[in-house]
Amino acid sequence: MQEFYTKITIESKEEFIEFLADLILTITEEAVEIQDNKIILRTTKDTTKLEKVLDKLKKDISLKYSKNKEANIDWIEKYQNSITPIEAGEFYIHPSWYQPKEDRINILINPALAFGSGHHATTYSSLLMITEFIKEGQEVLDVGCGSGILALAAAKKGAIVDLCDTDEVAIQSSKENFRLNNTKYNLIWKGSVNKAPKKYDLILANIIVDVLKAISKELKSKLKEGGFLILSGILDKKEQALLKSFEELELVKRVQKDEWITLVYKKDGNGESKQ
């Protein structure tokens with residue numbers, strides 16, 4: 001164990017904390033501690049990339065952070081105590097020190113890896129939409145898979161799942177979480193939807209609005225006629241800026257939790273605007 005570690009303390013509004021925690025874990029592959037409206041990251045790794053991302057996020061959400069060098073101790077036990085299970089639709093997302101539930105589709109998470117815990121509103125709402133819209137045997141793509149939690153949920157419902165992310169940490173985290181859950185995916189690759197080898201019955205994309213807009217054409221082109229597109233990661237104040245990019249699809253469901261929006265579109269193939 002190294003003698004010193006870097007402590008980064010991030011403060012924001014309570015509704016952004018789980019989102020920020022998931023993002024930090026994806027970038028750093030390190031455990032975090034959550035205290036109300038505060039996140040504490042302790043790491044011996046370089047934090048330059050994380051700090052750049054946090055500086056960019058300041059433009060969209062209210063946050064501040066500090067960085068200190070402190071004497072190193074083992075924080076894993078404290079971190080484990082901060083993680084609790086959650087139920088979302090058919091799913092029960094739990095760490096290894098909690099028992100699975102017989103009446104739910106169980107998803108095991110590993111606290112040592114980057115992951116979406118299900119607590120954040122975008123992940124929670126996406127799981128509700130997976131419960132409602134994904135059927136056994138469907139071909140599903142998870143774009144920006146992060147921890148792989150949404151792809152795992154789809155696979156556990158019997159879907160044939162492909163997943164991708166531009167971050168290698170996310171790819172490795174997803175592979176590990178599938179292994180932990182003894183669940184199989186079809187294909188996984190580093191990159192985005194433009195590398196997808198086929199069209200899908202349903203596409204999941206829990207990503208920030210700017211990225212959703214940037215890849216909107218590819219998302220639509222890789223969706224089968226009659227297929228569904230689940231978009232999440234949308235701040236309510238940015239929703240209107242996104243709608244035009246998907247106006248030729250039929251908006252069949254809109255879910256809001258806290259300040260976060262999840263949209264479900266259907267591709268009906270007639271080319272007419274449905275907004």
# chains A, B, ... in the order shown; residues from 1 in each chain; ligands from 1

$ residues_around --residues "stretch 239-242 of chain A" --least-positions-apart "6" --cutoff "9 Å" --atoms "only C-alpha atoms" --output "JSON, numbers by chain"
{"A": [209, 210, 212, 213, 261]}

$ write_last_selection --atoms "N, CA and C atoms" --output "mmCIF file, in the first residue's frame"
data_model
loop_
_atom_site.group_PDB
_atom_site.id
_atom_site.type_symbol
_atom_site.label_atom_id
_atom_site.label_comp_id
_atom_site.auth_asym_id
_atom_site.auth_seq_id
_atom_site.Cartn_x
_atom_site.Cartn_y
_atom_site.Cartn_z
ATOM 1 N N VAL A 209 -26.916 14.263 -23.179
ATOM 2 C CA VAL A 209 -27.651 14.770 -24.342
ATOM 3 C C VAL A 209 -26.742 15.100 -25.523
ATOM 4 N N ASP A 210 -25.614 15.739 -25.272
ATOM 5 C CA ASP A 210 -24.731 16.132 -26.375
ATOM 6 C C ASP A 210 -24.282 14.923 -27.185
ATOM 7 N N LEU A 212 -25.964 11.954 -27.299
ATOM 8 C CA LEU A 212 -27.163 11.415 -27.946
ATOM 9 C C LEU A 212 -27.460 12.152 -29.248
ATOM 10 N N LYS A 213 -27.320 13.456 -29.237
ATOM 11 C CA LYS A 213 -27.536 14.240 -30.456
ATOM 12 C C LYS A 213 -26.497 13.888 -31.515
ATOM 13 N N ILE A 261 -34.757 12.729 -17.404
ATOM 14 C CA ILE A 261 -35.790 12.261 -18.327
ATOM 15 C C ILE A 261 -35.317 10.994 -19.037
#

$ residues_around --residues "stretch 9-19 of chain A" --least-positions-apart "5" --cutoff "6 Å" --atoms "only C-alpha atoms" --output "ChimeraX atom specification"
/A:37-40,62-66,120

$ select_by_dssp --residues "stretch 7-253 of chain A" --states "helix (DSSP H, G or I)" --output "count of residues only"
92

$ atom_distance --atom1 "atom CA of A:Ile230" --atom2 "atom CA of A:Glu102"
27.6 Å

$ closest_residue --among "A:Asp165, A:Asp36, A:Glu70, A:Asp236" --to "A:Lys7" --atoms "only C-alpha atoms"
A:Glu70

$ closest_residue --among "A:Thr166, A:Ser173, A:Thr123, A:Thr43" --to "A:Lys190" --atoms "only C-alpha atoms"
A:Thr166

$ atom_distance --atom1 "atom CA of A:Cys145" --atom2 "atom CA of A:Gly158"
17.7 Å

$ closest_residue --among "A:Cys164, A:Leu152, A:Ile27, A:Leu235" --to "A:Asp46" --atoms "only C-alpha atoms"
A:Ile27

$ residues_around --residues "A:Asp103" --least-positions-apart "4" --cutoff "10 Å" --atoms "only C-alpha atoms" --output "PyMOL selection string"
chain A and resi 90-92

$ write_last_selection --atoms "C-alpha atoms" --output "PDB file, in the first residue's frame"
ATOM      1  CA  GLU A  90     -38.406  -6.715 -12.125  1.00  0.00           C
ATOM      2  CA  PHE A  91     -34.808  -6.242 -11.027  1.00  0.00           C
ATOM      3  CA  TYR A  92     -32.945  -6.432  -7.725  1.00  0.00           C
TER       4      TYR A  92
END

$ closest_residue --among "A:Gly233, A:Gly146, A:Gly227, A:Gly89" --to "A:Leu249" --atoms "only C-alpha atoms"
A:Gly227

$ residues_around --residues "A:Leu23" --least-positions-apart "2" --cutoff "10 Å" --atoms "only C-alpha atoms" --output "NGL selection string"
:A and (17-21 or 25-29 or 50 or 53-54 or 114-116 or 146)

$ write_last_selection --atoms "C-alpha atoms" --output "JSON list (two decimals), in the first residue's frame"
[["chain", "number", "residue", "atom", "x", "y", "z"],
["A", 17, "ILE", "CA", -24.86, 12.65, -6.56],
["A", 18, "GLU", "CA", -25.59, 9.14, -7.88],
["A", 19, "PHE", "CA", -25.00, 10.29, -11.46],
["A", 20, "LEU", "CA", -21.64, 11.77, -10.48],
["A", 21, "ALA", "CA", -20.71, 8.67, -8.48],
["A", 25, "LEU", "CA", -16.37, 5.10, -11.03],
["A", 26, "THR", "CA", -16.41, 4.71, -14.81],
["A", 27, "ILE", "CA", -13.47, 7.10, -15.21],
["A", 28, "THR", "CA", -11.32, 5.99, -12.28],
["A", 29, "GLU", "CA", -12.32, 2.36, -11.54],
["A", 50, "LEU", "CA", -11.37, 13.12, -13.79],
["A", 53, "VAL", "CA", -14.41, 16.01, -16.80],
["A", 54, "LEU", "CA", -15.57, 17.69, -13.57],
["A", 114, "ALA", "CA", -16.83, 0.90, -12.24],
["A", 115, "PHE", "CA", -20.57, 0.34, -12.32],
["A", 116, "GLY", "CA", -23.99, 1.89, -12.53],
["A", 146, "GLY", "CA", -20.72, 1.73, -18.65]]

$ atom_distance --atom1 "atom CA of A:Gly226" --atom2 "atom CA of A:Glu250"
10.1 Å
